[in-house]
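Participant: For reference, the file input-v7.pdb (PDB, C-alpha atoms and all ligand atoms) is included below:
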```
ATOM      1  CA  MET A  28      42.687  27.539  20.493
ATOM      2  CA  ARG A  29      39.690  29.723  21.309
ATOM      3  CA  LYS A  30      39.455  30.808  17.687
ATOM      4  CA  ARG A  31      39.468  27.206  16.618
ATOM      5  CA  THR A  32      36.656  26.379  19.060
ATOM      6  CA  VAL A  33      34.578  29.274  17.755
ATOM      7  CA  ALA A  34      35.191  28.145  14.168
ATOM      8  CA  LEU A  35      34.163  24.581  15.045
ATOM      9  CA  ILE A  36      30.975  25.797  16.704
ATOM     10  CA  ILE A  37      30.129  27.870  13.603
ATOM     11  CA  VAL A  38      30.776  24.948  11.243
ATOM     12  CA  ALA A  39      28.765  22.572  13.443
ATOM     13  CA  SER A  40      25.872  25.060  13.602
ATOM     14  CA  ILE A  41      25.836  25.449   9.829
ATOM     15  CA  LEU A  42      25.843  21.659   9.424
ATOM     16  CA  ILE A  43      22.992  21.206  11.901
ATOM     17  CA  VAL A  44      20.891  23.858  10.156
ATOM     18  CA  ALA A  45      21.677  22.348   6.739
ATOM     19  CA  VAL A  46      20.823  18.780   7.797
ATOM     20  CA  GLY A  47      17.695  20.021   9.593
ATOM     21  CA  GLY A  48      16.638  21.920   6.480
ATOM     22  CA  VAL A  49      17.125  18.915   4.208
ATOM     23  CA  TYR A  50      15.220  16.708   6.675
ATOM     24  CA  TRP A  51      12.377  19.247   6.910
ATOM     25  CA  PHE A  52      12.241  19.527   3.121
ATOM     26  CA  GLY A  53      12.330  15.731   2.760
ATOM     27  CA  ARG A  54       9.453  15.297   5.190
ATOM     28  CA  SER A  55       7.417  17.992   3.430
ATOM     29  CA  LEU A  56       7.493  15.801   0.302
ATOM     30  CA  PHE A  57       5.550  13.174   2.254
ATOM     31  CA  HIS A  58       2.955  15.539   3.702
ATOM     32  CA  GLU A  59      -0.572  15.760   2.319
ATOM     33  CA  PRO A  60      -2.434  18.871   3.506
ATOM     34  CA  SER A  61      -5.857  17.487   2.498
ATOM     35  CA  ALA A  62      -5.502  14.449   4.756
ATOM     36  CA  GLN A  63      -6.924  14.312   8.263
ATOM     37  CA  GLY A  64      -4.442  12.615  10.576
ATOM     38  CA  VAL A  65      -5.921   9.674  12.506
ATOM     39  CA  ASP A  66      -4.507   6.829  14.623
ATOM     40  CA  SER A  67      -6.227   4.185  12.535
ATOM     41  CA  VAL A  68      -8.303   4.527   9.380
ATOM     42  CA  ILE A  69     -10.228   1.358  10.204
ATOM     43  CA  GLY A  70     -11.031   2.684  13.684
ATOM     44  CA  GLU A  71     -12.060   6.003  12.145
ATOM     45  CA  VAL A  72     -14.702   4.379   9.902
ATOM     46  CA  GLY A  73     -15.717   1.836  12.538
ATOM     47  CA  GLY A  74     -14.609  -1.176  10.500
ATOM     48  CA  THR A  75     -14.778  -4.651  12.047
ATOM     49  CA  ARG A  76     -14.035  -6.849   9.018
ATOM     50  CA  VAL A  77     -11.419  -5.710   6.509
ATOM     51  CA  VAL A  78     -10.514  -7.277   3.158
ATOM     52  CA  GLY A  79      -7.622  -5.982   1.025
ATOM     53  CA  ILE A  80      -7.455  -6.789  -2.700
ATOM     54  CA  PHE A  81      -3.997  -6.529  -4.280
ATOM     55  CA  ALA A  82      -2.107  -7.591  -7.406
ATOM     56  CA  HIS A  83       1.383  -8.739  -6.352
ATOM     57  CA  PRO A  84       3.262 -10.156  -3.376
ATOM     58  CA  ASP A  85       4.748  -7.073  -1.615
ATOM     59  CA  ASP A  86       1.783  -4.803  -2.538
ATOM     60  CA  GLU A  87       0.751  -5.297   1.095
ATOM     61  CA  GLN A  88       3.883  -3.299   1.994
ATOM     62  CA  THR A  89       1.898  -0.127   1.143
ATOM     63  CA  VAL A  90      -0.724  -0.874   3.832
ATOM     64  CA  ASN A  91       1.293  -2.245   6.793
ATOM     65  CA  GLY A  92       0.087   0.542   9.090
ATOM     66  CA  LEU A  93      -3.566   0.125   8.195
ATOM     67  CA  PHE A  94      -3.627  -3.674   8.575
ATOM     68  CA  THR A  95      -1.370  -3.824  11.644
ATOM     69  CA  ARG A  96      -3.436  -1.224  13.481
ATOM     70  CA  ALA A  97      -6.739  -2.723  12.331
ATOM     71  CA  LYS A  98      -5.636  -5.614  14.548
ATOM     72  CA  THR A  99      -3.752  -3.918  17.407
ATOM     73  CA  HIS A 100      -5.975  -0.813  17.776
ATOM     74  CA  ASP A 101      -9.375  -1.991  16.574
ATOM     75  CA  ASP A 102      -9.335  -5.775  16.976
ATOM     76  CA  ALA A 103     -10.818  -6.094  13.481
ATOM     77  CA  TYR A 104     -10.834  -9.314  11.460
ATOM     78  CA  THR A 105      -8.514  -8.913   8.464
ATOM     79  CA  TYR A 106      -8.102 -10.801   5.195
ATOM     80  CA  MET A 107      -6.113 -10.312   1.992
ATOM     81  CA  VAL A 108      -6.134 -11.440  -1.600
ATOM     82  CA  THR A 109      -3.102 -11.198  -3.896
ATOM     83  CA  ALA A 110      -4.024 -11.937  -7.513
ATOM     84  CA  THR A 111      -0.602 -12.994  -8.860
ATOM     85  CA  ARG A 112       2.497 -14.712  -7.526
ATOM     86  CA  GLY A 113       4.831 -11.999  -8.815
ATOM     87  CA  GLU A 114       6.762 -14.506 -10.931
ATOM     88  CA  ALA A 115       7.824 -11.864 -13.480
ATOM     89  CA  GLY A 116       9.496  -9.660 -10.871
ATOM     90  CA  THR A 117      13.148  -8.663 -10.773
ATOM     91  CA  GLN A 118      15.013 -10.082  -7.790
ATOM     92  CA  VAL A 119      16.952  -7.541  -5.720
ATOM     93  CA  PRO A 120      18.959  -9.451  -4.540
ATOM     94  CA  VAL A 121      18.735 -12.782  -6.362
ATOM     95  CA  VAL A 122      17.682 -15.391  -3.799
ATOM     96  CA  ALA A 123      16.062 -18.102  -5.955
ATOM     97  CA  ARG A 124      16.036 -19.699  -9.395
ATOM     98  CA  GLN A 125      13.908 -17.395 -11.573
ATOM     99  CA  LYS A 126      11.558 -20.276 -12.463
ATOM    100  CA  ASP A 127      10.827 -20.711  -8.736
ATOM    101  CA  LEU A 128      10.269 -16.998  -8.095
ATOM    102  CA  GLY A 129       6.459 -17.208  -8.095
ATOM    103  CA  THR A 130       6.495 -19.868  -5.377
ATOM    104  CA  VAL A 131       9.108 -17.980  -3.356
ATOM    105  CA  ARG A 132       7.254 -14.671  -3.572
ATOM    106  CA  MET A 133       3.931 -16.283  -2.710
ATOM    107  CA  ALA A 134       5.565 -17.604   0.483
ATOM    108  CA  GLU A 135       7.155 -14.217   1.220
ATOM    109  CA  SER A 136       3.775 -12.530   0.962
ATOM    110  CA  LEU A 137       2.014 -15.089   3.172
ATOM    111  CA  LYS A 138       4.758 -14.724   5.809
ATOM    112  CA  ASN A 139       4.556 -10.941   5.661
ATOM    113  CA  SER A 140       0.783 -10.753   6.106
ATOM    114  CA  PHE A 141       1.108 -13.184   9.043
ATOM    115  CA  ASN A 142       3.737 -10.887  10.558
ATOM    116  CA  MET A 143       1.261  -7.996  10.199
ATOM    117  CA  GLY A 144      -1.330 -10.014  12.110
ATOM    118  CA  VAL A 145      -3.601 -10.605   9.092
ATOM    119  CA  ASP A 146      -6.038 -13.460   9.786
ATOM    120  CA  GLY A 147      -6.247 -14.973   6.304
ATOM    121  CA  HIS A 148      -4.558 -14.489   2.935
ATOM    122  CA  GLU A 149      -4.965 -16.172  -0.431
ATOM    123  CA  VAL A 150      -2.504 -15.772  -3.295
ATOM    124  CA  TRP A 151      -3.925 -16.612  -6.721
ATOM    125  CA  ASP A 152      -2.017 -17.431  -9.886
ATOM    126  CA  TYR A 153      -3.081 -14.884 -12.483
ATOM    127  CA  PRO A 154      -0.124 -13.980 -14.700
ATOM    128  CA  ASP A 155       2.152 -11.307 -13.220
ATOM    129  CA  GLY A 156       1.898  -8.397 -15.678
ATOM    130  CA  GLY A 157      -1.090  -9.994 -17.409
ATOM    131  CA  VAL A 158      -4.008  -9.175 -15.104
ATOM    132  CA  PRO A 159      -5.661  -6.769 -17.600
ATOM    133  CA  GLN A 160      -5.576  -9.551 -20.231
ATOM    134  CA  SER A 161      -7.191 -12.082 -17.883
ATOM    135  CA  GLU A 162     -10.840 -13.095 -18.168
ATOM    136  CA  GLU A 163     -12.715 -10.201 -16.564
ATOM    137  CA  GLU A 164     -15.905 -12.037 -15.648
ATOM    138  CA  GLU A 165     -14.035 -14.845 -13.890
ATOM    139  CA  LEU A 166     -11.873 -12.426 -11.922
ATOM    140  CA  VAL A 167     -14.869 -10.328 -10.841
ATOM    141  CA  GLU A 168     -16.662 -13.495  -9.758
ATOM    142  CA  ARG A 169     -13.667 -14.673  -7.716
ATOM    143  CA  VAL A 170     -13.335 -11.358  -5.894
ATOM    144  CA  ALA A 171     -17.114 -11.255  -5.353
ATOM    145  CA  ASP A 172     -16.970 -14.752  -3.856
ATOM    146  CA  VAL A 173     -14.279 -13.637  -1.385
ATOM    147  CA  LEU A 174     -16.519 -10.722  -0.358
ATOM    148  CA  ARG A 175     -19.511 -13.075   0.045
ATOM    149  CA  GLN A 176     -17.441 -15.410   2.230
ATOM    150  CA  GLN A 177     -15.559 -12.808   4.288
ATOM    151  CA  LYS A 178     -18.361 -10.208   4.495
ATOM    152  CA  PRO A 179     -16.106  -7.170   4.982
ATOM    153  CA  ASP A 180     -17.525  -3.800   6.024
ATOM    154  CA  VAL A 181     -14.334  -2.191   4.668
ATOM    155  CA  VAL A 182     -12.521  -3.099   1.448
ATOM    156  CA  VAL A 183      -8.983  -1.792   0.899
ATOM    157  CA  ALA A 184      -8.152  -1.407  -2.790
ATOM    158  CA  PHE A 185      -6.112   0.311  -5.456
ATOM    159  CA  TRP A 186      -7.565   3.446  -7.056
ATOM    160  CA  PRO A 187      -8.456   2.169 -10.561
ATOM    161  CA  GLU A 188      -7.163   5.225 -12.456
ATOM    162  CA  SER A 189      -3.697   5.273 -10.861
ATOM    163  CA  GLY A 190      -3.044   2.046  -8.959
ATOM    164  CA  ALA A 191      -0.651   3.710  -6.454
ATOM    165  CA  THR A 192       2.311   3.227  -8.835
ATOM    166  CA  GLY A 193       0.680   3.277 -12.270
ATOM    167  CA  HIS A 194       1.170  -0.499 -12.640
ATOM    168  CA  LYS A 195      -1.511  -1.864 -14.990
ATOM    169  CA  ASP A 196      -2.102  -4.919 -12.761
ATOM    170  CA  HIS A 197      -2.823  -2.626  -9.791
ATOM    171  CA  MET A 198      -5.220  -0.466 -11.809
ATOM    172  CA  GLU A 199      -7.042  -3.518 -13.141
ATOM    173  CA  MET A 200      -7.420  -5.035  -9.655
ATOM    174  CA  GLY A 201      -8.868  -1.711  -8.470
ATOM    175  CA  ARG A 202     -11.394  -1.764 -11.308
ATOM    176  CA  ILE A 203     -12.233  -5.461 -10.773
ATOM    177  CA  THR A 204     -12.738  -4.827  -7.033
ATOM    178  CA  GLU A 205     -15.298  -2.103  -7.744
ATOM    179  CA  LEU A 206     -17.124  -4.364 -10.233
ATOM    180  CA  ALA A 207     -17.185  -7.167  -7.643
ATOM    181  CA  ILE A 208     -18.634  -4.811  -5.006
ATOM    182  CA  LEU A 209     -21.341  -3.758  -7.462
ATOM    183  CA  GLU A 210     -22.113  -7.398  -8.184
ATOM    184  CA  VAL A 211     -22.417  -8.352  -4.503
ATOM    185  CA  ALA A 212     -24.779  -5.397  -3.949
ATOM    186  CA  GLU A 213     -27.210  -7.094  -6.362
ATOM    187  CA  ASP A 214     -27.209 -10.377  -4.400
ATOM    188  CA  ASP A 215     -30.442 -11.699  -2.995
ATOM    189  CA  ALA A 216     -28.798 -12.095   0.424
ATOM    190  CA  ALA A 217     -28.468 -10.250   3.728
ATOM    191  CA  TYR A 218     -24.900  -9.178   2.967
ATOM    192  CA  LYS A 219     -24.902  -6.337   0.419
ATOM    193  CA  GLY A 220     -21.181  -5.537   0.330
ATOM    194  CA  PRO A 221     -18.877  -3.174   2.245
ATOM    195  CA  GLU A 222     -19.897   0.230   3.618
ATOM    196  CA  HIS A 223     -16.525   1.797   2.817
ATOM    197  CA  ILE A 224     -13.816   1.424   0.218
ATOM    198  CA  VAL A 225     -10.423   2.644   1.421
ATOM    199  CA  TYR A 226      -8.104   3.388  -1.502
ATOM    200  CA  THR A 227      -4.345   3.478  -0.991
ATOM    201  CA  ILE A 228      -2.901   6.833  -2.173
ATOM    202  CA  SER A 229       0.747   7.686  -2.871
ATOM    203  CA  PRO A 230       2.521  10.840  -1.620
ATOM    204  CA  THR A 231       1.949  13.347  -4.428
ATOM    205  CA  LYS A 232       4.925  15.696  -3.975
ATOM    206  CA  ALA A 233       7.496  12.914  -3.628
ATOM    207  CA  LEU A 234       6.041  11.181  -6.694
ATOM    208  CA  THR A 235       6.133  14.339  -8.750
ATOM    209  CA  MET A 236       9.722  15.062  -7.774
ATOM    210  CA  PHE A 237      11.290  11.583  -7.822
ATOM    211  CA  GLY A 238       8.775   9.268  -9.492
ATOM    212  CA  GLY A 239       9.595  10.031 -13.131
ATOM    213  CA  GLU A 240       6.903   9.556 -15.764
ATOM    214  CA  ALA A 241       4.977   6.930 -13.796
ATOM    215  CA  GLY A 242       5.016   9.132 -10.701
ATOM    216  CA  ALA A 243       3.640  12.108 -12.619
ATOM    217  CA  PHE A 244       0.893   9.883 -14.065
ATOM    218  CA  VAL A 245      -0.126   8.685 -10.591
ATOM    219  CA  ALA A 246      -0.040  12.201  -9.117
ATOM    220  CA  GLU A 247      -2.361  13.424 -11.881
ATOM    221  CA  ASN A 248      -4.824  10.565 -11.704
ATOM    222  CA  GLN A 249      -5.325   9.896  -8.009
ATOM    223  CA  PRO A 250      -7.652  11.832  -5.679
ATOM    224  CA  ALA A 251      -6.288  13.922  -2.803
ATOM    225  CA  PRO A 252      -6.188  11.652   0.274
ATOM    226  CA  THR A 253      -8.844  12.198   2.938
ATOM    227  CA  HIS A 254      -6.861  10.528   5.746
ATOM    228  CA  SER A 255      -3.318   9.867   6.877
ATOM    229  CA  MET A 256      -2.176   7.481   9.599
ATOM    230  CA  PRO A 257       1.096   6.212  11.071
ATOM    231  CA  ALA A 258       2.810   3.791   8.709
ATOM    232  CA  GLU A 259       4.171   1.325  11.331
ATOM    233  CA  VAL A 260       7.638   1.808   9.871
ATOM    234  CA  GLY A 261       9.030  -1.084  11.937
ATOM    235  CA  LYS A 262       6.648  -3.430  10.122
ATOM    236  CA  LYS A 263       7.761  -2.002   6.769
ATOM    237  CA  HIS A 264      11.387  -2.845   7.553
ATOM    238  CA  GLU A 265      10.423  -6.308   8.780
ATOM    239  CA  GLY A 266       8.321  -6.708   5.640
ATOM    240  CA  TRP A 267      11.197  -6.004   3.260
ATOM    241  CA  ALA A 268      13.389  -8.452   5.175
ATOM    242  CA  ILE A 269      10.645 -11.078   4.812
ATOM    243  CA  HIS A 270      10.357 -10.238   1.097
ATOM    244  CA  ALA A 271      13.969 -11.352   0.679
ATOM    245  CA  SER A 272      13.738 -11.330  -3.137
ATOM    246  CA  GLN A 273      12.651  -7.660  -3.024
ATOM    247  CA  GLU A 274      14.654  -6.501  -0.014
ATOM    248  CA  ASN A 275      16.458  -3.708  -1.913
ATOM    249  CA  TYR A 276      13.406  -2.687  -3.948
ATOM    250  CA  MET A 277      12.981   0.771  -2.377
ATOM    251  CA  GLN A 278      16.661   1.563  -2.672
ATOM    252  CA  GLU A 279      16.817   0.365  -6.295
ATOM    253  CA  THR A 280      13.685   2.315  -7.245
ATOM    254  CA  TYR A 281      14.237   5.590  -5.385
ATOM    255  CA  ILE A 282      18.069   5.546  -5.052
ATOM    256  CA  LEU A 283      17.930   6.644  -1.385
ATOM    257  CA  PRO A 284      18.543   4.030   1.354
ATOM    258  CA  THR A 285      15.368   2.333   2.635
ATOM    259  CA  TRP A 286      15.888   3.573   6.231
ATOM    260  CA  LEU A 287      16.078   7.177   5.004
ATOM    261  CA  ILE A 288      12.959   6.836   2.839
ATOM    262  CA  TYR A 289      10.944   5.599   5.831
ATOM    263  CA  ALA A 290      12.472   8.214   8.155
ATOM    264  CA  LEU A 291      10.784  10.765   5.880
ATOM    265  CA  TRP A 292       7.763   8.722   4.743
ATOM    266  CA  ASP A 293       6.263   7.562   8.026
ATOM    267  CA  ASN A 294       2.590   8.016   7.157
ATOM    268  CA  GLU A 295       0.202   6.111   4.914
ATOM    269  CA  PHE A 296      -2.396   8.009   2.900
ATOM    270  CA  TYR A 297      -5.908   6.901   2.063
ATOM    271  CA  TYR A 298      -8.974   8.099   0.225
ATOM    272  CA  VAL A 299     -11.977   6.880   2.176
ATOM    273  CA  ARG A 300     -15.172   6.445   0.190
ATOM    274  CA  ASP A 301     -18.446   6.086   2.097
ATOM    275  CA  LEU A 302     -20.583   4.097  -0.325
ATOM    276  CA  ALA A 303     -23.855   5.361   1.207
ATOM    277  CA  GLU A 304     -22.877   8.943   0.357
ATOM    278  CA  ASP A 305     -20.881   8.242  -2.773
ATOM    279  CA  PRO A 306     -22.057   5.015  -4.430
ATOM    280  CA  LEU A 307     -20.071   3.358  -7.217
ATOM    281  CA  ARG A 308     -22.965   3.715  -9.644
TER     282      ARG A 308
HETATM  283 ZN    ZN A 401       2.487  -4.513  -7.264
END
```
For the structure just supplied, provide its representation as structure tokens.
Ligand SMILES: [Zn+2]

Facilitator:
Amino acid sequence: MRKRTVALIIVASILIVAVGGVYWFGRSLFHEPSAQGVDSVIGEVGGTRVVGIFAHPDDEQTVNGLFTRAKTHDDAYTYMVTATRGEAGTQVPVVARQKDLGTVRMAESLKNSFNMGVDGHEVWDYPDGGVPQSEEEELVERVADVLRQQKPDVVVAFWPESGATGHKDHMEMGRITELAILEVAEDDAAYKGPEHIVYTISPTKALTMFGGEAGAFVAENQPAPTHSMPAEVGKKHEGWAIHASQENYMQETYILPTWLIYALWDNEFYYVRDLAEDPLR
């Protein structure tokens, strides 16, 4: 009996060490040594009006922490634009007729941003997967008009060379956003555009290890993040439930269960660009 107890204790200890080691290793994949940890990136740069420019419904899932805390910590005004309705997406699980998917996903995205406390959100109808083929001048003008109306001091955007996932629509929206900021700076008006651009950055080690070809491309083409902040994991889980047509997206993409991914990946990473120090042109 005593021998059995000793054996059990040894086995349990080995298991605890093994699980702890795997957990520690898993978390290290979502750690960025270059990033300064802060409570809120918007608070850190003193933002009061924040506009995020994205490509698809559910892209806002990468910035839940930033937008939620911009409201709860900093009482900032927040606004979002999503350029497409995501009508070409794969449903995981199937919750609607495919021809209705754009409408369904537009609604999912609007509900999700509301749940994050975002003050306003417009979803446009550029073709999902076809943003780079869309009329550049018109798109720049539309984004510029949002900036003129909303007058953000911080714009949240995709890094044009990597787009967080390597998706061409993301990269194009990042590029268009920069062009729109340059255009607004030329305006003969009091508002000259944002003071900061905050680019969403993906965890490099996890991408390199599990992201396949696209992950390697992103890791190579994005800058090292300057800041990290808590991801508001609860909002991420709520967000995937709201995005019912994409609820199993993380699991389908990265094989691991969603709860485990966010147990390890509980920070968001950003590259903050101060446009006074580092102008676009
Ligand atoms: Zn997307």

Participant: Residues of stretch 92-172 of chain A that have any atom at most 7 Å from an atom of stretch 57-72 of chain A: could you tabulate them with the shortest-distance atom pair and the distance in Å to one decimal, using only C-alpha atoms, ordered by chain and increasing number, as a tab-separated table?

Facilitator:
```
residue	atom	partner	partner_atom	distance
A:Leu93	CA	A:Ser67	CA	6.5
A:Arg96	CA	A:Ser67	CA	6.2
A:Ala97	CA	A:Ile69	CA	5.8
A:Asp101	CA	A:Gly70	CA	5.7
```

Participant: Those same residues - C-alpha atoms - I'd like them written as a tab-separated table (two decimals), keeping the file's coordinate frame.

Facilitator:
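Okay, this is what ended up in out-v1.tsv:
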```tsv
chain	number	residue	atom	x	y	z
A	93	LEU	CA	-3.57	0.12	8.20
A	96	ARG	CA	-3.44	-1.22	13.48
A	97	ALA	CA	-6.74	-2.72	12.33
A	101	ASP	CA	-9.38	-1.99	16.57
```

Participant: Evaluate the PyMOL selection byres (((chain A and resi 137) around 9) and not hetatm) against this structure - the residues, as a list of chain:residue names, please.

Facilitator: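 The output of the PyMOL selection byres (((chain A and resi 137) around 9) and not hetatm) on this file is A:Pro84, A:Arg132, A:Met133, A:Ala134, A:Glu135, A:Ser136, A:Lys138, A:Asn139, A:Ser140, A:Phe141, A:Asn142, A:Gly147, A:His148, A:Glu149, A:Val150.
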
Participant: Those selected residues, please, written with C-alpha atoms and delivered as a PDB file, in the frame of the given file.

Facilitator:
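Okay, out_33.pdb is ready:
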```
ATOM      1  CA  PRO A  84       3.262 -10.156  -3.376  1.00  0.00           C
ATOM      2  CA  ARG A 132       7.254 -14.671  -3.572  1.00  0.00           C
ATOM      3  CA  MET A 133       3.931 -16.283  -2.710  1.00  0.00           C
ATOM      4  CA  ALA A 134       5.565 -17.604   0.483  1.00  0.00           C
ATOM      5  CA  GLU A 135       7.155 -14.217   1.220  1.00  0.00           C
ATOM      6  CA  SER A 136       3.775 -12.530   0.962  1.00  0.00           C
ATOM      7  CA  LYS A 138       4.758 -14.724   5.809  1.00  0.00           C
ATOM      8  CA  ASN A 139       4.556 -10.941   5.661  1.00  0.00           C
ATOM      9  CA  SER A 140       0.783 -10.753   6.106  1.00  0.00           C
ATOM     10  CA  PHE A 141       1.108 -13.184   9.043  1.00  0.00           C
ATOM     11  CA  ASN A 142       3.737 -10.887  10.558  1.00  0.00           C
ATOM     12  CA  GLY A 147      -6.247 -14.973   6.304  1.00  0.00           C
ATOM     13  CA  HIS A 148      -4.558 -14.489   2.935  1.00  0.00           C
ATOM     14  CA  GLU A 149      -4.965 -16.172  -0.431  1.00  0.00           C
ATOM     15  CA  VAL A 150      -2.504 -15.772  -3.295  1.00  0.00           C
TER      16      VAL A 150
END
```

Participant: Name the closest residue to A:Thr89 among the candidates A:Tyr106, A:Tyr50, A:Trp292, A:Phe237; distances are taken between atoms, counting only C-alpha atoms.

Facilitator: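 So, comparing all the options, the nearest one is A:Trp292.
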
Participant: How close does chain A get to ligand ZN 401 (chain A)? List, as CSV, each residue of chain A within 10 Å, its nearest atom pair and the distance in Å to one decimal, counting all atoms listed in the file.

Facilitator:
```
residue,atom,partner,partner_atom,distance
A:Phe81,CA,A:ZN401,ZN,7.4
A:Ala82,CA,A:ZN401,ZN,5.5
A:His83,CA,A:ZN401,ZN,4.5
A:Pro84,CA,A:ZN401,ZN,6.9
A:Asp85,CA,A:ZN401,ZN,6.6
A:Asp86,CA,A:ZN401,ZN,4.8
A:Glu87,CA,A:ZN401,ZN,8.6
A:Gln88,CA,A:ZN401,ZN,9.4
A:Thr89,CA,A:ZN401,ZN,9.5
A:Thr109,CA,A:ZN401,ZN,9.3
A:Ala110,CA,A:ZN401,ZN,9.9
A:Thr111,CA,A:ZN401,ZN,9.2
A:Gly113,CA,A:ZN401,ZN,8.0
A:Gly116,CA,A:ZN401,ZN,9.4
A:Asp155,CA,A:ZN401,ZN,9.0
A:Gly156,CA,A:ZN401,ZN,9.3
A:Gly190,CA,A:ZN401,ZN,8.7
A:Ala191,CA,A:ZN401,ZN,8.8
A:Thr192,CA,A:ZN401,ZN,7.9
A:Gly193,CA,A:ZN401,ZN,9.4
A:His194,CA,A:ZN401,ZN,6.8
A:Lys195,CA,A:ZN401,ZN,9.1
A:Asp196,CA,A:ZN401,ZN,7.2
A:His197,CA,A:ZN401,ZN,6.2
A:Met198,CA,A:ZN401,ZN,9.8
```

Participant: Fewer than 5 positions away in the same chain doesn't count, so skip those; otherwise give me all residues within 6 Å of stretch 216-232 of chain A, counting only C-alpha atoms, as a ChimeraX atom specification.

Facilitator: /A:56-57,179-186,191,208,211,246,296-302

Participant: Could you jot down the atom CA of A:Leu166 to atom CA of A:Glu247 separation for me, Å, one decimal place?

Facilitator: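 Separation of atom CA of A:Leu166 and atom CA of A:Glu247: 27.5 Å.
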
Participant: Between A:Ala171, A:Ile80, A:Ala103, A:Leu128, which is the closest to A:Ala115 once you count only C-alpha atoms?

Facilitator: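 Nearest to A:Ala115: A:Leu128.
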
Participant: For the structure provided, state which residues fall under the PyMOL selection byres (((chain A and resi 54) around 10) and not hetatm), and present them as a list in words.

Facilitator: Gly48, Val49, Tyr50, Trp51, Phe52, Gly53, Ser55, Leu56, Phe57, His58, Ala233, Ile288, Tyr289, Ala290, Leu291, Trp292 and Asp293 of chain A

Participant: Calculate how many Å separate atom CA of A:Leu234 from atom CA of A:Tyr153, rounding to one decimal.

Facilitator: 28.2 Å

Participant: Taking the file as shown, what set of residues would the PyMOL selection byres (((chain A and resi 281) around 12) and not hetatm) give back, as a JSON list (two decimals) with C-alpha atoms, in the frame of the given file?

Facilitator:
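For reference, expr.json as written:
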```json
[["chain", "number", "residue", "atom", "x", "y", "z"],
["A", 233, "ALA", "CA", 7.50, 12.91, -3.63],
["A", 234, "LEU", "CA", 6.04, 11.18, -6.69],
["A", 236, "MET", "CA", 9.72, 15.06, -7.77],
["A", 237, "PHE", "CA", 11.29, 11.58, -7.82],
["A", 238, "GLY", "CA", 8.78, 9.27, -9.49],
["A", 239, "GLY", "CA", 9.60, 10.03, -13.13],
["A", 242, "GLY", "CA", 5.02, 9.13, -10.70],
["A", 275, "ASN", "CA", 16.46, -3.71, -1.91],
["A", 276, "TYR", "CA", 13.41, -2.69, -3.95],
["A", 277, "MET", "CA", 12.98, 0.77, -2.38],
["A", 278, "GLN", "CA", 16.66, 1.56, -2.67],
["A", 279, "GLU", "CA", 16.82, 0.36, -6.30],
["A", 280, "THR", "CA", 13.68, 2.32, -7.24],
["A", 282, "ILE", "CA", 18.07, 5.55, -5.05],
["A", 283, "LEU", "CA", 17.93, 6.64, -1.38],
["A", 284, "PRO", "CA", 18.54, 4.03, 1.35],
["A", 285, "THR", "CA", 15.37, 2.33, 2.64],
["A", 286, "TRP", "CA", 15.89, 3.57, 6.23],
["A", 287, "LEU", "CA", 16.08, 7.18, 5.00],
["A", 288, "ILE", "CA", 12.96, 6.84, 2.84],
["A", 289, "TYR", "CA", 10.94, 5.60, 5.83]]
```

Participant: Which is closest to A:Ile269 among A:Thr117, A:Thr75, A:Met143, A:Ala34, if we use only C-alpha atoms?

Facilitator: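 Checking each candidate against A:Ile269, we get A:Met143 as the closest.
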
Participant: Could I get stretch 113-122 of chain A from the block written as a PDB file, in the first residue's frame, with N, CA and C atoms?

Facilitator:
```
ATOM      1  N   GLY A 113     -17.536  39.594 -46.127  1.00  0.00           N
ATOM      2  CA  GLY A 113     -17.044  38.234 -45.858  1.00  0.00           C
ATOM      3  C   GLY A 113     -17.872  37.144 -46.510  1.00  0.00           C
ATOM      4  N   GLU A 114     -18.496  37.494 -47.663  1.00  0.00           N
ATOM      5  CA  GLU A 114     -19.434  36.548 -48.295  1.00  0.00           C
ATOM      6  C   GLU A 114     -18.750  35.315 -48.884  1.00  0.00           C
ATOM      7  N   ALA A 115     -17.428  35.388 -49.096  1.00  0.00           N
ATOM      8  CA  ALA A 115     -16.725  34.245 -49.696  1.00  0.00           C
ATOM      9  C   ALA A 115     -16.170  33.290 -48.640  1.00  0.00           C
ATOM     10  N   GLY A 116     -16.448  33.576 -47.376  1.00  0.00           N
ATOM     11  CA  GLY A 116     -15.874  32.766 -46.298  1.00  0.00           C
ATOM     12  C   GLY A 116     -16.434  31.355 -46.247  1.00  0.00           C
ATOM     13  N   THR A 117     -15.679  30.478 -45.573  1.00  0.00           N
ATOM     14  CA  THR A 117     -16.143  29.123 -45.298  1.00  0.00           C
ATOM     15  C   THR A 117     -16.872  29.159 -43.957  1.00  0.00           C
ATOM     16  N   GLN A 118     -18.020  28.508 -43.896  1.00  0.00           N
ATOM     17  CA  GLN A 118     -18.765  28.485 -42.633  1.00  0.00           C
ATOM     18  C   GLN A 118     -18.318  27.303 -41.775  1.00  0.00           C
ATOM     19  N   VAL A 119     -17.931  27.597 -40.555  1.00  0.00           N
ATOM     20  CA  VAL A 119     -17.559  26.536 -39.592  1.00  0.00           C
ATOM     21  C   VAL A 119     -18.205  26.820 -38.233  1.00  0.00           C
ATOM     22  N   PRO A 120     -19.390  26.352 -37.947  1.00  0.00           N
ATOM     23  CA  PRO A 120     -20.234  25.444 -38.744  1.00  0.00           C
ATOM     24  C   PRO A 120     -21.144  26.215 -39.722  1.00  0.00           C
ATOM     25  N   VAL A 121     -21.826  25.458 -40.574  1.00  0.00           N
ATOM     26  CA  VAL A 121     -22.769  26.056 -41.513  1.00  0.00           C
ATOM     27  C   VAL A 121     -24.010  26.507 -40.743  1.00  0.00           C
ATOM     28  N   VAL A 122     -24.300  27.804 -40.813  1.00  0.00           N
ATOM     29  CA  VAL A 122     -25.454  28.346 -40.087  1.00  0.00           C
ATOM     30  C   VAL A 122     -26.419  29.096 -41.004  1.00  0.00           C
TER      31      VAL A 122
END
```
